[in-house]
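Enquirer: model.tsv is reproduced below (TSV, C-alpha atoms).
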chain	number	residue	atom	x	y	z
A	1	MET	CA	-18.72	-37.78	5.10
A	2	SER	CA	-16.75	-35.93	7.76
A	3	THR	CA	-13.10	-35.06	7.37
A	4	PRO	CA	-10.79	-36.83	9.87
A	5	ALA	CA	-9.66	-34.51	12.63
A	6	TRP	CA	-5.99	-35.36	12.05
A	7	ILE	CA	-6.18	-33.98	8.51
A	8	LEU	CA	-7.62	-30.71	9.80
A	9	ASP	CA	-4.87	-30.60	12.43
A	10	ILE	CA	-2.17	-31.01	9.76
A	11	PHE	CA	-3.53	-28.09	7.77
A	12	ALA	CA	-3.91	-26.03	10.95
A	13	ALA	CA	-0.26	-26.72	11.84
A	14	LEU	CA	0.76	-25.72	8.31
A	15	MET	CA	-1.06	-22.41	8.76
A	16	LEU	CA	0.74	-21.82	12.04
A	17	VAL	CA	4.05	-22.31	10.21
A	18	VAL	CA	2.97	-19.80	7.54
A	19	ALA	CA	1.99	-17.33	10.27
A	20	ALA	CA	5.35	-17.76	12.00
A	21	VAL	CA	7.28	-17.31	8.75
A	22	SER	CA	5.27	-14.20	7.85
A	23	ALA	CA	5.83	-12.71	11.31
A	24	ALA	CA	9.56	-13.46	11.00
A	25	ARG	CA	9.70	-11.71	7.62
A	26	LEU	CA	8.04	-8.62	9.09
A	27	ALA	CA	10.36	-8.66	12.11
A	28	VAL	CA	13.47	-8.88	9.91
A	29	LEU	CA	12.29	-6.36	7.33
A	30	ARG	CA	10.88	-3.88	9.87
A	31	PRO	CA	8.83	-1.99	7.25
A	32	TRP	CA	7.84	0.66	9.81
A	33	ARG	CA	11.38	2.00	9.54
A	34	LEU	CA	11.38	4.09	6.40
A	35	GLY	CA	15.14	3.74	6.10
A	36	ARG	CA	14.71	0.04	5.22
A	37	ALA	CA	13.77	0.70	1.59
A	38	ALA	CA	10.47	2.34	2.64
A	39	VAL	CA	8.66	-0.94	2.05
A	40	VAL	CA	5.10	-1.51	3.20
A	41	ALA	CA	4.90	-5.28	3.54
A	42	ASP	CA	1.20	-5.61	2.77
A	43	ILE	CA	1.67	-9.14	1.43
A	44	ASP	CA	3.28	-10.48	4.60
A	45	VAL	CA	0.67	-8.78	6.78
A	46	ALA	CA	-2.06	-10.41	4.69
A	47	HIS	CA	-0.33	-13.80	4.91
A	48	LEU	CA	-0.05	-13.48	8.70
A	49	LEU	CA	-3.71	-12.57	9.20
A	50	MET	CA	-5.03	-15.20	6.80
A	51	ALA	CA	-2.92	-17.96	8.33
A	52	ILE	CA	-4.07	-17.12	11.86
A	53	ALA	CA	-7.70	-16.99	10.78
A	54	MET	CA	-7.54	-20.29	8.87
A	55	ALA	CA	-5.81	-22.04	11.75
A	56	GLY	CA	-8.68	-20.96	13.99
A	57	MET	CA	-11.25	-22.24	11.51
A	58	LEU	CA	-9.52	-25.61	11.19
A	59	ALA	CA	-9.00	-26.13	14.92
A	60	ALA	CA	-11.44	-24.59	17.40
A	61	GLY	CA	-8.71	-24.37	20.05
A	62	LEU	CA	-6.74	-21.94	17.84
A	63	SER	CA	-9.64	-19.53	17.33
A	64	THR	CA	-8.76	-15.89	18.04
A	65	LEU	CA	-11.09	-13.10	16.90
A	66	PRO	CA	-14.89	-13.37	16.55
A	67	ASP	CA	-16.11	-14.23	13.06
A	68	HIS	CA	-17.62	-10.77	12.48
A	69	ALA	CA	-14.29	-9.17	13.37
A	70	TRP	CA	-12.47	-11.39	10.86
A	71	ALA	CA	-15.06	-10.46	8.24
A	72	VAL	CA	-14.23	-6.78	8.78
A	73	VAL	CA	-10.48	-7.50	8.56
A	74	PHE	CA	-10.79	-9.39	5.29
A	75	GLY	CA	-13.24	-6.86	3.93
A	76	MET	CA	-10.54	-4.22	4.35
A	77	LEU	CA	-7.88	-6.48	2.83
A	78	THR	CA	-10.16	-7.21	-0.14
A	79	ALA	CA	-10.71	-3.50	-0.71
A	80	TRP	CA	-6.96	-2.83	-0.42
A	81	PHE	CA	-5.94	-5.45	-2.96
A	82	ALA	CA	-8.84	-4.52	-5.25
A	83	CYS	CA	-7.38	-1.00	-5.41
A	84	GLN	CA	-3.93	-2.42	-6.19
A	85	VAL	CA	-5.27	-4.71	-8.92
A	86	THR	CA	-7.24	-1.82	-10.45
A	87	ARG	CA	-4.10	0.29	-10.55
A	88	ASP	CA	-2.09	-2.56	-12.05
A	89	ALA	CA	-4.80	-3.17	-14.65
A	90	ARG	CA	-4.71	0.45	-15.74
A	91	ARG	CA	-0.97	0.16	-16.28
A	92	GLU	CA	-0.69	-3.40	-17.63
A	93	GLY	CA	-4.17	-4.18	-18.97
A	94	ILE	CA	-5.89	-7.54	-18.60
A	95	ARG	CA	-2.52	-9.22	-18.00
A	96	ALA	CA	-2.62	-7.88	-14.44
A	97	LEU	CA	-5.62	-10.11	-13.71
A	98	ALA	CA	-4.00	-13.25	-15.08
A	99	ALA	CA	-0.40	-12.90	-13.93
A	100	GLY	CA	-0.27	-9.74	-11.86
A	101	HIS	CA	1.27	-9.79	-8.43
A	102	CYS	CA	-1.75	-8.56	-6.46
A	103	ALA	CA	-4.48	-10.55	-8.23
A	104	PRO	CA	-3.82	-13.80	-6.27
A	105	HIS	CA	-3.91	-11.89	-2.98
A	106	LEU	CA	-7.19	-10.27	-3.97
A	107	VAL	CA	-8.68	-13.73	-4.58
A	108	HIS	CA	-7.29	-14.99	-1.26
A	109	ALA	CA	-8.73	-12.04	0.67
A	110	ALA	CA	-12.09	-12.26	-1.11
A	111	ALA	CA	-12.28	-16.02	-0.45
A	112	MET	CA	-11.60	-15.46	3.24
A	113	LEU	CA	-14.26	-12.74	3.37
A	114	TYR	CA	-16.73	-15.09	1.66
A	115	MET	CA	-16.00	-17.92	4.07
A	116	PHE	CA	-16.56	-15.83	7.18
A	117	LEU	CA	-19.68	-14.14	5.81
A	118	ALA	CA	-21.16	-17.40	4.52
A	119	LEU	CA	-20.38	-19.28	7.73
A	120	THR	CA	-21.76	-16.43	9.84
A	121	ALA	CA	-24.96	-16.34	7.80
A	122	HIS	CA	-25.34	-20.10	8.08
A	123	ALA	CA	-24.70	-20.00	11.83
A	124	ALA	CA	-27.28	-17.23	12.27
A	125	ARG	CA	-29.93	-19.24	10.46
A	126	SER	CA	-29.19	-22.36	12.52
A	127	ALA	CA	-28.96	-20.36	15.79
A	128	SER	CA	-25.52	-21.78	16.53
A	129	GLY	CA	-22.07	-20.19	16.65
A	130	VAL	CA	-19.22	-21.04	14.36
A	131	ALA	CA	-17.00	-23.24	16.50
A	132	GLY	CA	-14.51	-24.02	13.79
A	133	MET	CA	-14.29	-26.94	11.37
A	134	GLY	CA	-12.80	-29.08	14.08
A	135	GLY	CA	-15.91	-28.69	16.24
A	136	SER	CA	-18.64	-31.20	16.82
A	137	ALA	CA	-20.45	-30.39	13.57
A	138	MET	CA	-18.97	-29.68	10.17
A	139	GLN	CA	-19.79	-26.17	9.04
A	140	THR	CA	-21.27	-25.56	5.60
A	141	LEU	CA	-21.22	-22.52	3.35
A	142	SER	CA	-24.02	-20.53	1.82
A	143	LEU	CA	-23.91	-20.17	-1.98
A	144	PRO	CA	-21.80	-23.32	-2.59
A	145	PHE	CA	-21.30	-22.36	-6.24
A	146	LEU	CA	-19.13	-19.45	-5.09
A	147	ALA	CA	-17.13	-21.81	-2.90
A	148	LEU	CA	-16.42	-24.07	-5.88
A	149	LEU	CA	-15.51	-21.09	-8.06
A	150	PHE	CA	-13.11	-19.72	-5.47
A	151	ALA	CA	-11.56	-23.17	-4.99
A	152	LEU	CA	-10.92	-23.57	-8.72
A	153	VAL	CA	-9.34	-20.13	-9.02
A	154	LEU	CA	-7.18	-20.73	-5.93
A	155	ILE	CA	-5.96	-24.05	-7.34
A	156	GLY	CA	-5.17	-22.34	-10.64
A	157	TYR	CA	-3.08	-19.65	-8.93
A	158	SER	CA	-1.31	-22.29	-6.81
A	159	VAL	CA	-0.35	-24.24	-9.94
A	160	TRP	CA	0.90	-21.00	-11.52
A	161	ASP	CA	2.97	-20.24	-8.41
A	162	LEU	CA	4.47	-23.73	-8.46
A	163	ASP	CA	5.47	-23.14	-12.06
A	164	GLN	CA	7.13	-19.87	-11.05
A	165	LEU	CA	9.08	-21.62	-8.30
A	166	SER	CA	10.45	-24.11	-10.81
A	167	GLY	CA	11.57	-21.32	-13.16
A	168	PRO	CA	14.51	-18.90	-12.93
A	169	GLY	CA	14.30	-16.22	-10.26
A	170	ALA	CA	11.64	-18.09	-8.26
A	171	GLY	CA	9.15	-15.27	-8.62
A	172	PRO	CA	10.27	-11.96	-7.06
A	173	HIS	CA	8.33	-10.70	-4.06
A	174	TYR	CA	6.81	-7.26	-4.55
A	175	SER	CA	5.43	-4.90	-1.95
A	176	LEU	CA	3.84	-1.50	-2.19
A	177	ALA	CA	6.41	1.25	-1.86
A	178	ILE	CA	5.46	4.47	-0.13
A	179	PRO	CA	4.87	7.19	-2.78
A	180	ARG	CA	7.83	9.51	-3.00
A	181	PRO	CA	9.09	12.14	-5.48
A	182	VAL	CA	10.89	10.76	-8.52
A	183	PRO	CA	12.71	13.64	-10.24
A	184	ALA	CA	12.24	13.77	-14.01
A	185	ALA	CA	11.07	10.17	-14.23
A	186	VAL	CA	7.96	8.06	-13.98
A	187	LEU	CA	7.91	4.35	-13.35
A	188	VAL	CA	7.19	2.30	-16.44
A	189	GLY	CA	7.66	-1.20	-15.06
A	190	VAL	CA	9.92	-3.65	-13.27
A	191	ALA	CA	11.99	-6.56	-14.43
A	192	ALA	CA	13.40	-9.49	-12.51
A	193	GLY	CA	17.15	-9.54	-12.19
A	194	SER	CA	19.39	-12.59	-12.27
A	195	ASP	CA	20.17	-12.18	-8.56
A	196	GLY	CA	16.51	-12.40	-7.55
A	197	GLY	CA	16.15	-8.62	-7.17
A	198	VAL	CA	14.12	-6.27	-9.31
A	199	THR	CA	15.31	-3.58	-11.71
A	200	THR	CA	13.08	-0.50	-11.90
A	201	ILE	CA	12.44	0.74	-15.44
A	202	VAL	CA	11.77	4.46	-15.67
A	203	ARG	CA	10.93	6.86	-18.46
A	204	PRO	CA	12.86	10.16	-18.40
A	205	GLY	CA	11.33	13.53	-19.07
A	206	VAL	CA	8.21	13.39	-16.90
A	207	ALA	CA	8.22	14.79	-13.39
A	208	GLY	CA	5.94	13.78	-10.55
A	209	GLN	CA	5.42	11.11	-7.97
A	210	ALA	CA	5.39	7.40	-8.61
A	211	ALA	CA	3.76	4.90	-6.31
A	212	SER	CA	5.92	2.08	-7.57
A	213	ARG	CA	6.00	-1.59	-6.74
A	214	THR	CA	9.42	-2.59	-5.57
A	215	ALA	CA	11.04	-5.76	-4.32
A	216	ILE	CA	12.83	-6.39	-1.09
A	217	PRO	CA	16.41	-5.29	-1.85
A	218	ALA	CA	18.90	-8.03	-2.66
A	219	SER	CA	21.10	-6.79	0.21
A	220	LEU	CA	18.36	-7.66	2.69
A	221	THR	CA	17.38	-10.97	1.12
A	222	GLY	CA	21.03	-12.02	1.25
A	223	ALA	CA	21.26	-11.05	4.92
A	224	SER	CA	18.26	-13.14	5.94
A	225	PRO	CA	17.11	-16.33	4.17
A	226	VAL	CA	13.54	-15.79	5.39
A	227	LEU	CA	13.26	-12.80	3.01
A	228	ALA	CA	14.12	-14.91	-0.04
A	229	PRO	CA	11.49	-14.52	-2.82
A	230	TRP	CA	10.61	-18.22	-2.84
A	231	VAL	CA	9.60	-18.09	0.83
A	232	ALA	CA	6.72	-15.68	0.18
A	233	THR	CA	5.67	-17.69	-2.86
A	234	GLY	CA	5.77	-20.91	-0.84
A	235	CYS	CA	3.55	-19.32	1.83
A	236	ARG	CA	1.08	-18.25	-0.83
A	237	ILE	CA	0.96	-21.77	-2.27
A	238	ALA	CA	0.38	-23.30	1.18
A	239	MET	CA	-2.46	-20.88	1.88
A	240	GLY	CA	-4.01	-21.34	-1.55
A	241	VAL	CA	-4.06	-25.12	-1.22
A	242	THR	CA	-5.38	-24.97	2.35
A	243	MET	CA	-8.06	-22.45	1.43
A	244	ALA	CA	-9.21	-24.53	-1.56
A	245	PHE	CA	-9.32	-27.63	0.67
A	246	MET	CA	-11.45	-25.81	3.25
A	247	LEU	CA	-13.86	-24.51	0.62
A	248	ILE	CA	-14.31	-27.93	-0.99
A	249	ILE	CA	-15.03	-29.83	2.23
A	250	MET	CA	-17.54	-27.17	3.32
A	251	ILE	CA	-19.57	-27.25	0.09
Please re-express this file's structure in structure tokens.
Expert:
Amino acid sequence: MSTPAWILDIFAALMLVVAAVSAARLAVLRPWRLGRAAVVADIDVAHLLMAIAMAGMLAAGLSTLPDHAWAVVFGMLTAWFACQVTRDARREGIRALAAGHCAPHLVHAAAMLYMFLALTAHAARSASGVAGMGGSAMQTLSLPFLALLFALVLIGYSVWDLDQLSGPGAGPHYSLAIPRPVPAAVLVGVAAGSDGGVTTIVRPGVAGQAASRTAIPASLTGASPVLAPWVATGCRIAMGVTMAFMLIIMI
């Protein structure tokens, strides 16, 4: 049973909105300027790339890069977030995999990598290109068990994010801070503040450098609504639901 084209178009439009919001966040934050809290907005960059790629898969007319190029992009994103999750797991233990900030993004990146590799492999075997899910023939995925597994995990993280949105603080948005010297202190952790910002917890007496995770400063989030923590969480939910939908209909 094929999926109606108008449903695919709705999800494609939703991804375009996510891409626009992510681009707006990057434009307002300007992470390339080290004076703006020295934030590397890896999450927003990942959101932007994933949204553009998914829009192109849902509607052939929105396709941008070749499938092999997207596979390389998401391979790099998967490796990046895998490194972040590994670092978080060393500091926080198994909790980083269940409720850590980077774990959902690792799953998103890995699911995107799987989709492009599986579709490319399928297209190679059938001697036809991947024209997008809105093309004349519905694309299918190799190893459908992996598609189902990814879909279940994505739905689980989306439910968890919805729960965070309904709670106090609406889930602070973290990004990777550029490593810098921290005199006589090493980062121990972070805690959400009542104003939506994040308080850094440090341990005195140890010198060195700390590659800490920090939030977008409250001064910036107050200056631009697009930088509010719930906006990034909402984008992640939209992408998680869309990605799970795509995986399920391609099984």
Enquirer: Atom CA of A:Ser63 to atom CA of A:His101: how many Å, to one decimal?
Expert: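 Separating atom CA of A:Ser63 from atom CA of A:His101 is a distance of 29.6 Å.
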Enquirer: Any idea what the distance is between atom CA of A:Leu16 and atom CA of A:Ser166?
Expert: 24.9 Å
Enquirer: In Å, rounded to a single decimal, give me how far atom CA of A:Tyr114 is from atom CA of A:Gly56.
Expert: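 Distance between the two atoms: 15.9 Å.
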Enquirer: Hey, what's within 10 Å of A:Ala24 if we count only C-alpha atoms and toss same-chain stuff fewer than 4 positions away? As a PDB file with C-alpha atoms, keeping the file's coordinate frame, please?
Expert:
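Result saved to selection-v9.pdb:
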ATOM      1  CA  VAL A  18       2.970 -19.800   7.540  1.00  0.00           C
ATOM      2  CA  ALA A  19       1.990 -17.330  10.270  1.00  0.00           C
ATOM      3  CA  ALA A  20       5.350 -17.760  12.000  1.00  0.00           C
ATOM      4  CA  VAL A  28      13.470  -8.880   9.910  1.00  0.00           C
ATOM      5  CA  LEU A  29      12.290  -6.360   7.330  1.00  0.00           C
ATOM      6  CA  ARG A  30      10.880  -3.880   9.870  1.00  0.00           C
ATOM      7  CA  ASP A  44       3.280 -10.480   4.600  1.00  0.00           C
ATOM      8  CA  LEU A  48      -0.050 -13.480   8.700  1.00  0.00           C
ATOM      9  CA  VAL A 226      13.540 -15.790   5.390  1.00  0.00           C
ATOM     10  CA  LEU A 227      13.260 -12.800   3.010  1.00  0.00           C
TER      11      LEU A 227
END
Enquirer: Find the residues around A:Met50 up to 9 Å (all atoms listed in the file counted), leave out those fewer than 5 positions away in its own chain, and share them as a list in words.
Expert: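 These residues fall inside the cut-off: Met15, Ala19, Val45, Ala55, Phe74, His108, Ala109, Met112 and Met239 of chain A.
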Enquirer: So that I have them on file, write out the residues from the current selection with C-alpha atoms, as a short mmCIF file (atom, residue, chain, number, x, y, z; two decimals), in the coordinates of the input.
Expert:
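As a result, result_21.cif now contains:
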data_model
loop_
_atom_site.label_atom_id
_atom_site.label_comp_id
_atom_site.auth_asym_id
_atom_site.auth_seq_id
_atom_site.Cartn_x
_atom_site.Cartn_y
_atom_site.Cartn_z
CA MET A 15 -1.06 -22.41 8.76
CA ALA A 19 1.99 -17.33 10.27
CA VAL A 45 0.67 -8.78 6.78
CA ALA A 55 -5.81 -22.04 11.75
CA PHE A 74 -10.79 -9.39 5.29
CA HIS A 108 -7.29 -14.99 -1.26
CA ALA A 109 -8.73 -12.04 0.67
CA MET A 112 -11.60 -15.46 3.24
CA MET A 239 -2.46 -20.88 1.88
#
Enquirer: Counting all atoms listed in the file, figure out which residue out of A:Gly240, A:Pro66, A:Gly93, A:Gly61 gets nearest to A:Gly156.
Expert: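 When distances to A:Gly156 are compared using all atoms listed in the file, the smallest one comes from A:Gly240.
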Enquirer: When you look at A:Thr78 with a cut-off of 6 Å (counting only C-alpha atoms), what residues show up, excluding the ones that are within fewer than 2 positions of it in the same chain? I need them as a count of residues only.
Expert: 9
Enquirer: With only C-alpha atoms as the atoms that count, which of A:Ala69, A:Ile155, A:Met54, A:Val17 lies nearest to A:Leu117?
Expert: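 Nearest to A:Leu117: A:Ala69.
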Enquirer: Can you work out which one of A:Trp160, A:Phe150, A:Phe11, A:Phe116 has the shortest atom-to-atom distance to A:Val73, counting all atoms listed in the file?
Expert: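 The closest residue to A:Val73 is A:Phe116.
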Enquirer: Could you check the closest approach to A:Gly234 for each of A:Ile249, A:Val159, A:Leu119, A:Leu77 and tell me which residue wins, using all atoms listed in the file?
Expert: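 Selected residue with least distance to A:Gly234: A:Val159.
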Enquirer: Measuring atom to atom with all atoms listed in the file, identify which of A:Trp230, A:Phe245, A:Trp6, A:Trp70 is nearest to A:Leu165.
Expert: A:Trp230
Enquirer: Tell me which of A:Gln164, A:Thr140, A:Gln84, A:Thr242 sits closest to A:Ala12, counting only C-alpha atoms.
Expert: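 For A:Ala12, the nearest of the given residues is A:Thr242.
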Enquirer: Taking all atoms of stretch 99-113 of chain A that appear in the file, build a box with edges along x, y and z, extend it by 6 Å on every side, and state its centre and edge lengths in Å to one decimal, as AutoDock Vina command-line options.
Expert:
--center_x -6.5 --center_y -12.3 --center_z -5.3 --size_x 27.5 --size_y 19.5 --size_z 29.3
